[in-house]
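Engineer: Okay, handing you the structure first.
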Amino acid sequence: MNRAIHDIMKSAEGRYLTADEGKKVIENARQYEHLLAIARTVEQREGDIVRQCIERVFQKFPKFHAERPNAYEKAERDITMVLRYAALAMVNRDPELLREKVLYWLRTILMAMEFGEVTKYTYETLQDCVAKALPPADAEELNKYVKLAVEVLA
Amino acid sequence: MNGSSLAAHPPAGNFFAATDYIKWDMGRGVLRARGGARLMAFPQEFTVGLLAGLEDECGEAWPIVMYRCGEWWGKRHMERMEKDLGAHYREELRDLPTAHAHSSLTEAWALHGWGRISFDMADIEHGVMHVHVDGSQIAAAFMASGKDPKGKPVCSLLSGIMAGLFSHMTKAEIVAHEVSCVARKEDACRFVMGQKEKVAGVPDMIRKRATVEEIGQKLKGGG
């Protein structure tokens, strides 16, 4: 459930919603249509966003690519996963969804792999690729969540 | 993997995300894990009571009983995780990269309220794995009970679980020993794990109050 709606419902136990709370619920519910449209665009452009991101990362860290078997496929899998869950979190306006379902878990894996600065650069680049692929306002919406990947994973 | 295989097999995130993992059936008073296994939550007082009861009944042997319970449980838990995670990631747990398997174990451990576990593989070539647990529920219960640890680490249930999990995963007889414990005023609960023969001397070192570093050195063949 949308995080703001969830919080309003949770705080309103044993009483009716105030007019202001009711208005916020409606406003949040109305945003779904717009946010779903952004997510649809992301879905359509996912291949380009992810490919451009990987190409830039491999250009910046050529050894990383060369030294690891199936590096492209693994990068594609991980970046796609973060992008998809970021889009889900955006639709729900729920940053915790992204942190809990992907980022904390992925952080443990990436730390064990000792990817270090590659991780930070990858998800900063993903933000940039999103900014290039979507209209500015839409990119800003999605990048609020992609930015969490940089914060948590790096 | 390419775009079409990503469509056929979407990359799956954390199986143990709290929002999806526990299903409450409040009408029946039943909690179930994502894979269907029944769960039960219990407060710290339960652990305090369990420790007190075991000590009454078993005396000095209570840590051995806890270890065996943990070991049994760890093996079954790993069996279930293999099934659940295998379905979730469409890959056998033993075929997942080590870091991936450890991350899933870390999340499972945290989700069930056992604290935050981390694995240090630096000495794996010497046949030893170091494990660190922050926020051990057992140590917390022990301290809340006001009992005296008598200089011994108290998280034997956790040692047993680790041994069970890794014995099942590696198909070898893995033994875990707690070498430092917050219940005896140390900064963290730390464990060493390895094949039975490899870590056989650890209990004696613990009795002699060897430090974590000394035990580590000894296991690496030095000291």
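Residue numbering restarts at 1 for every chain of the structure tokens, chains are lettered A, B, ... in their displayed order, and ligands are numbered from 1 as they appear.
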Pull out every residue of chain A that has at least one atom within 12 Å of chain B, counting only C-alpha atoms, and report them as a ChimeraX atom specification.
Structural biologist: /A:1,43-48,50-51,70-86,94,96-114
Engineer: Between atom CA of Lys152 of chain B and atom CA of Thr170 of chain B, what is the distance in Å, rounded to a tenth?
Structural biologist: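 Rounded to one decimal, the two atoms are 28.5 Å apart.
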Engineer: Just want the 10 Å neighbourhood of Gly35 of chain B, counted on only C-alpha atoms, with same-chain residues fewer than 5 positions away dropped. Output as a compact mmCIF listing (two decimals) with C-alpha atoms, in the first residue's frame.
Structural biologist:
```txt
# COMPACT_ATOMS: atom_id res chain seq x y z
CA PHE B 15 13.17 -13.60 -0.25
CA TYR B 21 7.66 -13.07 4.48
CA ILE B 22 5.30 -13.43 7.43
CA LYS B 23 1.61 -14.04 6.80
CA ARG B 80 13.41 -25.64 4.06
CA MET B 81 15.52 -22.75 2.86
CA LYS B 83 13.37 -25.61 -1.10
CA ASP B 84 12.04 -22.06 -0.67
CA LEU B 85 15.06 -20.23 -2.05
CA ALA B 87 11.90 -21.91 -6.00
CA HIS B 88 12.38 -18.17 -5.51
```
Engineer: How many Å lie between atom CA of Asp187 of chain B and atom CA of Leu54 of chain B, rounded to one decimal?
Structural biologist: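 Computing the Euclidean distance for atom CA of Asp187 of chain B and atom CA of Leu54 of chain B yields 26.2 Å.
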Engineer: Contacts of Pro95 of chain A at 8 Å or less, counting only C-alpha atoms, minus same-chain residues fewer than 4 places along, as a list in words?
Structural biologist: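 My list of contacting residues is Ala89, Met90, Arg99, Tyr145 and Leu148 of chain A.
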Engineer: Ala183 of chain B: which residues within 10 Å, counting only C-alpha atoms, same-chain residues fewer than 5 positions away excluded, as a ChimeraX atom specification?
Structural biologist: /B:136,138-144,147-155,188-189
Engineer: Quick one: residues within 12 Å of Phe61 of chain A, only C-alpha atoms counted, chain neighbours fewer than 2 positions away excluded, as a ChimeraX atom specification?
Structural biologist: /A:54-59,63-68,71,115-119,121-122
Engineer: What are the DSSP alpha helix (DSSP H) residues of chain A, as a short mmCIF file (atom, residue, chain, number, x, y, z; two decimals) with N, CA and C atoms, in the first residue's frame?
Structural biologist:
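Produced file result.cif, reproduced below:
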```cif
data_model
loop_
_atom_site.label_atom_id
_atom_site.label_comp_id
_atom_site.auth_asym_id
_atom_site.auth_seq_id
_atom_site.Cartn_x
_atom_site.Cartn_y
_atom_site.Cartn_z
N ARG A 3 2.73 4.30 0.94
CA ARG A 3 3.25 4.53 2.30
C ARG A 3 2.49 5.65 3.02
N ALA A 4 2.17 6.75 2.29
CA ALA A 4 1.49 7.88 2.95
C ALA A 4 0.08 7.46 3.37
N ILE A 5 -0.61 6.73 2.50
CA ILE A 5 -1.97 6.28 2.85
C ILE A 5 -1.89 5.32 4.04
N HIS A 6 -0.92 4.43 3.98
CA HIS A 6 -0.74 3.47 5.08
C HIS A 6 -0.52 4.20 6.40
N ASP A 7 0.33 5.22 6.39
CA ASP A 7 0.63 5.95 7.63
C ASP A 7 -0.59 6.70 8.14
N ILE A 8 -1.38 7.27 7.23
CA ILE A 8 -2.58 8.00 7.65
C ILE A 8 -3.57 7.03 8.30
N MET A 9 -3.77 5.88 7.66
CA MET A 9 -4.71 4.88 8.21
C MET A 9 -4.24 4.39 9.59
N LYS A 10 -2.94 4.23 9.69
CA LYS A 10 -2.37 3.71 10.95
C LYS A 10 -2.54 4.71 12.08
N SER A 11 -2.44 5.99 11.76
CA SER A 11 -2.53 7.00 12.82
C SER A 11 -3.97 7.34 13.17
N ALA A 19 -10.63 15.95 7.66
CA ALA A 19 -10.82 16.40 6.28
C ALA A 19 -9.47 16.48 5.57
N ASP A 20 -8.46 16.95 6.29
CA ASP A 20 -7.14 17.08 5.70
C ASP A 20 -6.55 15.71 5.34
N GLU A 21 -6.74 14.75 6.26
CA GLU A 21 -6.24 13.39 5.99
C GLU A 21 -6.97 12.78 4.79
N GLY A 22 -8.28 12.99 4.74
CA GLY A 22 -9.07 12.47 3.63
C GLY A 22 -8.57 13.04 2.30
N LYS A 23 -8.26 14.33 2.33
CA LYS A 23 -7.77 14.99 1.12
C LYS A 23 -6.43 14.38 0.69
N LYS A 24 -5.58 14.12 1.68
CA LYS A 24 -4.26 13.54 1.36
C LYS A 24 -4.41 12.13 0.77
N VAL A 25 -5.37 11.37 1.31
CA VAL A 25 -5.60 10.02 0.77
C VAL A 25 -6.00 10.11 -0.69
N ILE A 26 -6.94 11.02 -0.97
CA ILE A 26 -7.42 11.15 -2.36
C ILE A 26 -6.28 11.63 -3.27
N GLU A 27 -5.52 12.60 -2.78
CA GLU A 27 -4.40 13.11 -3.59
C GLU A 27 -3.41 11.99 -3.91
N ASN A 28 -3.11 11.19 -2.90
CA ASN A 28 -2.17 10.09 -3.11
C ASN A 28 -2.73 9.05 -4.07
N ALA A 29 -4.02 8.75 -3.91
CA ALA A 29 -4.63 7.75 -4.79
C ALA A 29 -4.64 8.25 -6.23
N ARG A 30 -4.86 9.54 -6.41
CA ARG A 30 -4.89 10.12 -7.76
C ARG A 30 -3.52 10.03 -8.44
N GLN A 31 -2.47 10.04 -7.63
CA GLN A 31 -1.13 10.00 -8.22
C GLN A 31 -0.82 8.67 -8.89
N TYR A 32 -1.57 7.64 -8.53
CA TYR A 32 -1.27 6.31 -9.08
C TYR A 32 -1.25 6.31 -10.60
N GLU A 33 -2.23 6.99 -11.20
CA GLU A 33 -2.34 6.96 -12.65
C GLU A 33 -1.05 7.53 -13.29
N HIS A 34 -0.63 8.67 -12.75
CA HIS A 34 0.58 9.31 -13.28
C HIS A 34 1.82 8.44 -13.04
N LEU A 35 1.93 7.90 -11.82
CA LEU A 35 3.12 7.11 -11.48
C LEU A 35 3.16 5.81 -12.29
N LEU A 36 1.98 5.23 -12.51
CA LEU A 36 1.94 4.02 -13.33
C LEU A 36 2.35 4.31 -14.77
N ALA A 37 1.99 5.50 -15.25
CA ALA A 37 2.39 5.88 -16.62
C ALA A 37 3.91 6.02 -16.70
N ILE A 38 4.51 6.59 -15.66
CA ILE A 38 5.99 6.69 -15.65
C ILE A 38 6.59 5.29 -15.66
N ALA A 39 6.04 4.42 -14.80
CA ALA A 39 6.57 3.05 -14.72
C ALA A 39 6.45 2.34 -16.07
N ARG A 40 5.36 2.61 -16.78
CA ARG A 40 5.17 1.98 -18.10
C ARG A 40 6.26 2.45 -19.07
N THR A 41 6.57 3.75 -19.01
CA THR A 41 7.64 4.27 -19.88
C THR A 41 8.98 3.63 -19.51
N VAL A 42 9.22 3.51 -18.22
CA VAL A 42 10.48 2.88 -17.77
C VAL A 42 10.54 1.46 -18.32
N GLU A 43 9.44 0.75 -18.25
CA GLU A 43 9.40 -0.63 -18.74
C GLU A 43 9.77 -0.66 -20.23
N GLN A 44 9.18 0.28 -20.99
CA GLN A 44 9.44 0.29 -22.43
C GLN A 44 10.90 0.64 -22.74
N ARG A 45 11.51 1.46 -21.89
CA ARG A 45 12.89 1.91 -22.17
C ARG A 45 13.93 1.19 -21.32
N GLU A 46 13.48 0.18 -20.59
CA GLU A 46 14.37 -0.52 -19.66
C GLU A 46 15.64 -1.04 -20.36
N GLY A 47 15.45 -1.67 -21.51
CA GLY A 47 16.59 -2.26 -22.22
C GLY A 47 17.66 -1.23 -22.52
N ASP A 48 17.23 -0.06 -23.04
CA ASP A 48 18.19 0.99 -23.39
C ASP A 48 18.87 1.56 -22.16
N ILE A 49 18.06 1.80 -21.11
CA ILE A 49 18.62 2.39 -19.88
C ILE A 49 19.70 1.48 -19.32
N VAL A 50 19.38 0.20 -19.22
CA VAL A 50 20.31 -0.75 -18.59
C VAL A 50 21.54 -0.94 -19.47
N ARG A 51 21.33 -1.06 -20.77
CA ARG A 51 22.47 -1.29 -21.67
C ARG A 51 23.45 -0.11 -21.63
N GLN A 52 22.87 1.11 -21.69
CA GLN A 52 23.75 2.29 -21.67
C GLN A 52 24.51 2.39 -20.35
N CYS A 53 23.83 2.04 -19.29
CA CYS A 53 24.47 2.09 -17.97
C CYS A 53 25.65 1.11 -17.93
N ILE A 54 25.41 -0.13 -18.37
CA ILE A 54 26.48 -1.14 -18.33
C ILE A 54 27.65 -0.73 -19.22
N GLU A 55 27.34 -0.23 -20.40
CA GLU A 55 28.42 0.17 -21.33
C GLU A 55 29.31 1.24 -20.69
N ARG A 56 28.68 2.19 -20.01
CA ARG A 56 29.47 3.26 -19.39
C ARG A 56 30.30 2.72 -18.22
N VAL A 57 29.71 1.82 -17.45
CA VAL A 57 30.46 1.25 -16.32
C VAL A 57 31.66 0.44 -16.82
N PHE A 58 31.44 -0.35 -17.87
CA PHE A 58 32.53 -1.18 -18.38
C PHE A 58 33.63 -0.34 -19.05
N GLN A 59 33.19 0.79 -19.60
CA GLN A 59 34.18 1.70 -20.19
C GLN A 59 35.05 2.30 -19.09
N LYS A 60 34.41 2.64 -17.99
CA LYS A 60 35.14 3.26 -16.88
C LYS A 60 36.03 2.24 -16.16
N PRO A 62 37.38 -1.10 -17.25
CA PRO A 62 37.56 -2.19 -18.23
C PRO A 62 38.09 -3.48 -17.63
N LYS A 63 38.94 -3.38 -16.58
CA LYS A 63 39.47 -4.60 -15.97
C LYS A 63 38.37 -5.40 -15.29
N PHE A 64 37.48 -4.67 -14.64
CA PHE A 64 36.37 -5.29 -13.91
C PHE A 64 35.60 -6.23 -14.85
N HIS A 65 35.36 -5.74 -16.04
CA HIS A 65 34.63 -6.49 -17.05
C HIS A 65 35.43 -7.72 -17.48
N ALA A 66 36.71 -7.47 -17.73
CA ALA A 66 37.54 -8.54 -18.29
C ALA A 66 37.82 -9.65 -17.27
N GLU A 67 37.89 -9.28 -16.00
CA GLU A 67 38.31 -10.26 -14.98
C GLU A 67 37.18 -11.14 -14.45
N ALA A 71 30.24 -11.11 -16.77
CA ALA A 71 30.05 -9.82 -16.10
C ALA A 71 28.85 -9.06 -16.67
N TYR A 72 28.69 -9.11 -18.01
CA TYR A 72 27.59 -8.34 -18.61
C TYR A 72 26.23 -8.87 -18.13
N GLU A 73 26.09 -10.18 -18.15
CA GLU A 73 24.81 -10.78 -17.78
C GLU A 73 24.46 -10.49 -16.32
N LYS A 74 25.49 -10.56 -15.47
CA LYS A 74 25.24 -10.32 -14.04
C LYS A 74 24.91 -8.85 -13.78
N ALA A 75 25.62 -7.97 -14.49
CA ALA A 75 25.33 -6.54 -14.33
C ALA A 75 23.91 -6.26 -14.82
N GLU A 76 23.56 -6.87 -15.94
CA GLU A 76 22.22 -6.66 -16.50
C GLU A 76 21.15 -7.12 -15.51
N ARG A 77 21.40 -8.28 -14.92
CA ARG A 77 20.45 -8.81 -13.95
C ARG A 77 20.29 -7.87 -12.75
N ASP A 78 21.41 -7.43 -12.17
CA ASP A 78 21.35 -6.63 -10.95
C ASP A 78 20.79 -5.23 -11.20
N ILE A 79 21.23 -4.61 -12.29
CA ILE A 79 20.76 -3.24 -12.57
C ILE A 79 19.27 -3.26 -12.93
N THR A 80 18.89 -4.28 -13.69
CA THR A 80 17.47 -4.41 -14.04
C THR A 80 16.63 -4.59 -12.78
N MET A 81 17.15 -5.41 -11.88
CA MET A 81 16.40 -5.66 -10.64
C MET A 81 16.22 -4.37 -9.84
N VAL A 82 17.29 -3.62 -9.69
CA VAL A 82 17.19 -2.37 -8.92
C VAL A 82 16.22 -1.41 -9.61
N LEU A 83 16.31 -1.33 -10.94
CA LEU A 83 15.44 -0.41 -11.67
C LEU A 83 13.96 -0.81 -11.51
N ARG A 84 13.69 -2.09 -11.62
CA ARG A 84 12.29 -2.55 -11.51
C ARG A 84 11.73 -2.31 -10.11
N TYR A 85 12.52 -2.65 -9.09
CA TYR A 85 12.02 -2.43 -7.73
C TYR A 85 11.94 -0.94 -7.40
N ALA A 86 12.82 -0.14 -8.00
CA ALA A 86 12.73 1.32 -7.80
C ALA A 86 11.42 1.83 -8.39
N ALA A 87 11.05 1.30 -9.56
CA ALA A 87 9.80 1.72 -10.19
C ALA A 87 8.60 1.29 -9.33
N LEU A 88 8.67 0.09 -8.78
CA LEU A 88 7.58 -0.37 -7.89
C LEU A 88 7.47 0.53 -6.66
N ALA A 89 8.63 0.84 -6.08
CA ALA A 89 8.65 1.69 -4.89
C ALA A 89 8.09 3.07 -5.21
N MET A 90 8.42 3.56 -6.42
CA MET A 90 7.92 4.88 -6.84
C MET A 90 6.39 4.84 -6.96
N VAL A 91 5.86 3.80 -7.59
CA VAL A 91 4.40 3.70 -7.76
C VAL A 91 3.72 3.70 -6.39
N ASN A 92 4.34 3.03 -5.44
CA ASN A 92 3.77 2.94 -4.09
C ASN A 92 4.21 4.07 -3.18
N PRO A 95 9.73 4.11 -0.14
CA PRO A 95 11.17 3.83 -0.23
C PRO A 95 11.58 2.56 0.54
N GLU A 96 10.83 2.24 1.60
CA GLU A 96 11.19 1.07 2.40
C GLU A 96 11.04 -0.22 1.58
N LEU A 97 10.10 -0.21 0.66
CA LEU A 97 9.90 -1.39 -0.20
C LEU A 97 11.20 -1.71 -0.94
N LEU A 98 11.82 -0.68 -1.49
CA LEU A 98 13.07 -0.88 -2.23
C LEU A 98 14.20 -1.30 -1.29
N TYR A 104 19.18 -3.82 1.12
CA TYR A 104 19.95 -4.33 2.26
C TYR A 104 20.58 -5.69 1.93
N TRP A 105 19.78 -6.48 1.25
CA TRP A 105 20.22 -7.83 0.87
C TRP A 105 21.34 -7.76 -0.17
N LEU A 106 21.15 -6.91 -1.18
CA LEU A 106 22.14 -6.78 -2.24
C LEU A 106 23.43 -6.17 -1.70
N ARG A 107 23.30 -5.28 -0.72
CA ARG A 107 24.49 -4.66 -0.13
C ARG A 107 25.43 -5.72 0.46
N THR A 108 24.84 -6.69 1.18
CA THR A 108 25.67 -7.76 1.76
C THR A 108 26.42 -8.52 0.67
N ILE A 109 25.74 -8.79 -0.43
CA ILE A 109 26.36 -9.54 -1.53
C ILE A 109 27.49 -8.71 -2.15
N LEU A 110 27.19 -7.45 -2.44
CA LEU A 110 28.19 -6.62 -3.13
C LEU A 110 29.41 -6.35 -2.25
N MET A 111 29.17 -6.22 -0.94
CA MET A 111 30.31 -6.01 -0.03
C MET A 111 31.21 -7.24 -0.01
N ALA A 112 30.57 -8.42 -0.01
CA ALA A 112 31.36 -9.66 0.00
C ALA A 112 32.18 -9.78 -1.29
N MET A 113 31.61 -9.29 -2.38
CA MET A 113 32.30 -9.35 -3.67
C MET A 113 33.37 -8.26 -3.79
N GLU A 117 34.11 0.91 -5.41
CA GLU A 117 33.70 2.11 -6.14
C GLU A 117 32.89 1.79 -7.40
N VAL A 118 32.99 0.55 -7.87
CA VAL A 118 32.21 0.18 -9.07
C VAL A 118 30.71 0.29 -8.76
N THR A 119 30.34 -0.13 -7.57
CA THR A 119 28.92 -0.09 -7.20
C THR A 119 28.42 1.35 -7.20
N LYS A 120 29.17 2.22 -6.56
CA LYS A 120 28.75 3.62 -6.47
C LYS A 120 28.60 4.22 -7.88
N TYR A 121 29.60 3.98 -8.70
CA TYR A 121 29.57 4.54 -10.05
C TYR A 121 28.40 3.97 -10.85
N THR A 122 28.14 2.67 -10.67
CA THR A 122 27.06 2.02 -11.43
C THR A 122 25.72 2.69 -11.16
N TYR A 123 25.41 2.90 -9.90
CA TYR A 123 24.06 3.40 -9.62
C TYR A 123 23.96 4.92 -9.77
N GLU A 124 25.10 5.60 -9.70
CA GLU A 124 25.08 7.02 -10.09
C GLU A 124 24.85 7.13 -11.60
N THR A 125 25.49 6.23 -12.34
CA THR A 125 25.31 6.22 -13.80
C THR A 125 23.88 5.85 -14.17
N LEU A 126 23.31 4.92 -13.39
CA LEU A 126 21.92 4.53 -13.66
C LEU A 126 21.01 5.76 -13.51
N GLN A 127 21.27 6.57 -12.50
CA GLN A 127 20.47 7.80 -12.33
C GLN A 127 20.59 8.67 -13.58
N ASP A 128 21.80 8.77 -14.08
CA ASP A 128 22.05 9.60 -15.25
C ASP A 128 21.34 9.04 -16.48
N CYS A 129 21.40 7.73 -16.63
CA CYS A 129 20.74 7.09 -17.79
C CYS A 129 19.22 7.26 -17.71
N VAL A 130 18.70 7.20 -16.49
CA VAL A 130 17.26 7.43 -16.30
C VAL A 130 16.93 8.87 -16.70
N ALA A 131 17.78 9.80 -16.28
CA ALA A 131 17.55 11.22 -16.59
C ALA A 131 17.55 11.46 -18.10
N LYS A 132 18.37 10.68 -18.82
CA LYS A 132 18.44 10.88 -20.28
C LYS A 132 17.27 10.19 -21.01
N ALA A 133 16.73 9.15 -20.37
CA ALA A 133 15.71 8.36 -21.06
C ALA A 133 14.28 8.85 -20.81
N PRO A 136 12.17 15.16 -17.95
CA PRO A 136 12.81 15.57 -16.69
C PRO A 136 11.98 15.33 -15.42
N ALA A 137 10.71 15.68 -15.46
CA ALA A 137 9.89 15.55 -14.24
C ALA A 137 9.72 14.07 -13.86
N ASP A 138 9.57 13.22 -14.89
CA ASP A 138 9.40 11.78 -14.63
C ASP A 138 10.70 11.17 -14.09
N ALA A 139 11.81 11.61 -14.70
CA ALA A 139 13.11 11.11 -14.23
C ALA A 139 13.35 11.51 -12.78
N GLU A 140 12.92 12.71 -12.45
CA GLU A 140 13.12 13.17 -11.07
C GLU A 140 12.32 12.28 -10.09
N GLU A 141 11.12 11.93 -10.50
CA GLU A 141 10.29 11.04 -9.65
C GLU A 141 11.00 9.71 -9.41
N LEU A 142 11.47 9.09 -10.50
CA LEU A 142 12.09 7.77 -10.37
C LEU A 142 13.43 7.86 -9.66
N ASN A 143 14.17 8.90 -9.96
CA ASN A 143 15.52 9.00 -9.40
C ASN A 143 15.53 9.25 -7.89
N LYS A 144 14.40 9.68 -7.34
CA LYS A 144 14.33 9.78 -5.87
C LYS A 144 14.60 8.39 -5.28
N TYR A 145 14.21 7.36 -6.03
CA TYR A 145 14.34 5.98 -5.54
C TYR A 145 15.66 5.36 -5.99
N VAL A 146 16.07 5.63 -7.22
CA VAL A 146 17.36 5.09 -7.69
C VAL A 146 18.49 5.65 -6.80
N LYS A 147 18.28 6.89 -6.36
CA LYS A 147 19.29 7.52 -5.48
C LYS A 147 19.49 6.70 -4.19
N LEU A 148 18.44 6.04 -3.74
CA LEU A 148 18.55 5.21 -2.52
C LEU A 148 19.56 4.08 -2.74
N ALA A 149 19.62 3.60 -3.98
CA ALA A 149 20.58 2.52 -4.28
C ALA A 149 22.00 3.03 -4.06
N VAL A 150 22.26 4.26 -4.47
CA VAL A 150 23.60 4.82 -4.26
C VAL A 150 23.85 4.94 -2.76
N GLU A 151 22.86 5.45 -2.04
CA GLU A 151 23.04 5.67 -0.59
C GLU A 151 23.28 4.35 0.16
N VAL A 152 22.49 3.35 -0.15
CA VAL A 152 22.58 2.09 0.61
C VAL A 152 23.73 1.21 0.11
N LEU A 153 23.85 1.06 -1.19
CA LEU A 153 24.81 0.10 -1.73
C LEU A 153 26.25 0.63 -1.70
#
```
Engineer: What's the separation between atom CA of Ala163 of chain B and atom CA of Leu50 of chain B, in Å to one decimal place?
Structural biologist: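 According to the coordinates, atom CA of Ala163 of chain B and atom CA of Leu50 of chain B are separated by 21.0 Å.
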Engineer: Using DSSP on the backbone coordinates, identify all residues within segment 84-151 of chain B classified as strand (DSSP E); present the result as a ChimeraX atom specification.
Structural biologist: /B:116-120,128-134
Engineer: Selected residues, N, CA and C atoms, written as a short mmCIF file (atom, residue, chain, number, x, y, z; two decimals), in the first residue's frame, please.
Structural biologist:
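Final output, out.cif:
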```
data_model
loop_
_atom_site.label_atom_id
_atom_site.label_comp_id
_atom_site.auth_asym_id
_atom_site.auth_seq_id
_atom_site.Cartn_x
_atom_site.Cartn_y
_atom_site.Cartn_z
N ARG B 116 21.94 -9.65 13.92
CA ARG B 116 22.50 -9.49 12.57
C ARG B 116 23.79 -10.28 12.49
N ILE B 117 23.80 -11.25 11.62
CA ILE B 117 24.95 -12.14 11.49
C ILE B 117 25.79 -11.73 10.29
N SER B 118 27.11 -11.85 10.43
CA SER B 118 27.96 -11.62 9.26
C SER B 118 29.06 -12.68 9.25
N PHE B 119 29.52 -12.97 8.05
CA PHE B 119 30.49 -14.05 7.86
C PHE B 119 31.81 -13.48 7.37
N ASP B 120 32.89 -13.96 7.94
CA ASP B 120 34.23 -13.53 7.52
C ASP B 120 34.95 -14.76 6.99
N VAL B 128 38.59 -22.55 8.36
CA VAL B 128 37.88 -21.90 9.46
C VAL B 128 37.06 -20.72 8.92
N MET B 129 35.84 -20.60 9.41
CA MET B 129 35.04 -19.43 9.09
C MET B 129 34.74 -18.69 10.39
N HIS B 130 34.90 -17.38 10.35
CA HIS B 130 34.57 -16.57 11.52
C HIS B 130 33.18 -15.97 11.33
N VAL B 131 32.41 -15.97 12.40
CA VAL B 131 31.05 -15.46 12.32
C VAL B 131 30.86 -14.46 13.45
N HIS B 132 30.13 -13.41 13.15
CA HIS B 132 29.93 -12.32 14.10
C HIS B 132 28.41 -12.12 14.21
N VAL B 133 27.91 -12.05 15.43
CA VAL B 133 26.47 -11.77 15.60
C VAL B 133 26.31 -10.54 16.48
N ASP B 134 25.62 -9.56 15.93
CA ASP B 134 25.26 -8.38 16.73
C ASP B 134 23.82 -8.56 17.20
#
```
Engineer: Could you name the residues that touch segment 65-74 of chain B at 8 Å or less, counting only C-alpha atoms, but leaving out those on the same chain fewer than 3 positions away, as a list of chain:residue names?
Structural biologist: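 So, after excluding close chain neighbours, the residues are B:Ala61, B:Trp62, B:His77, B:Met78, B:Ser156, B:Leu157, B:Leu158, B:Ser159, B:Gly160, B:Ile161, B:Met162, B:Ala163, B:Gly164, B:Leu165.
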Engineer: With N, CA, C and O atoms retained, write the just-selected residues as a tab-separated table (two decimals), in the first residue's frame.
Structural biologist:
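Saved result, again.tsv, follows:
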```tsv
chain	number	residue	atom	x	y	z
B	61	ALA	N	25.08	-28.95	32.05
B	61	ALA	CA	24.97	-29.45	30.66
B	61	ALA	C	24.00	-28.62	29.81
B	61	ALA	O	23.80	-28.93	28.63
B	62	TRP	N	23.39	-27.57	30.38
B	62	TRP	CA	22.37	-26.85	29.60
B	62	TRP	C	22.88	-26.32	28.26
B	62	TRP	O	22.15	-26.39	27.26
B	77	HIS	N	16.03	-26.20	9.11
B	77	HIS	CA	15.81	-24.86	8.57
B	77	HIS	C	16.50	-24.75	7.20
B	77	HIS	O	15.94	-24.17	6.26
B	78	MET	N	17.68	-25.31	7.10
B	78	MET	CA	18.41	-25.25	5.83
B	78	MET	C	17.70	-26.08	4.76
B	78	MET	O	17.65	-25.68	3.60
B	156	SER	N	24.97	-20.84	23.02
B	156	SER	CA	25.20	-22.17	22.44
B	156	SER	C	24.09	-22.55	21.47
B	156	SER	O	24.33	-23.33	20.53
B	157	LEU	N	22.90	-22.01	21.66
B	157	LEU	CA	21.82	-22.29	20.70
B	157	LEU	C	22.23	-21.78	19.31
B	157	LEU	O	22.04	-22.46	18.30
B	158	LEU	N	22.82	-20.58	19.30
B	158	LEU	CA	23.24	-20.00	18.01
B	158	LEU	C	24.38	-20.81	17.39
B	158	LEU	O	24.39	-21.05	16.18
B	159	SER	N	25.32	-21.24	18.25
B	159	SER	CA	26.42	-22.09	17.72
B	159	SER	C	25.82	-23.32	17.06
B	159	SER	O	26.25	-23.74	15.96
B	160	GLY	N	24.85	-23.92	17.72
B	160	GLY	CA	24.22	-25.13	17.19
B	160	GLY	C	23.51	-24.87	15.87
B	160	GLY	O	23.61	-25.67	14.93
B	161	ILE	N	22.80	-23.75	15.80
B	161	ILE	CA	22.08	-23.44	14.55
B	161	ILE	C	23.08	-23.30	13.40
B	161	ILE	O	22.89	-23.86	12.32
B	162	MET	N	24.16	-22.54	13.67
B	162	MET	CA	25.17	-22.36	12.61
B	162	MET	C	25.73	-23.70	12.17
B	162	MET	O	25.89	-23.96	10.97
B	163	ALA	N	26.05	-24.54	13.15
B	163	ALA	CA	26.60	-25.86	12.83
B	163	ALA	C	25.60	-26.65	11.97
B	163	ALA	O	25.99	-27.28	10.98
B	164	GLY	N	24.35	-26.61	12.35
B	164	GLY	CA	23.32	-27.34	11.61
B	164	GLY	C	23.16	-26.82	10.19
B	164	GLY	O	23.13	-27.60	9.23
B	165	LEU	N	23.09	-25.51	10.05
B	165	LEU	CA	22.92	-24.90	8.72
B	165	LEU	C	24.06	-25.30	7.79
B	165	LEU	O	23.85	-25.76	6.67
```
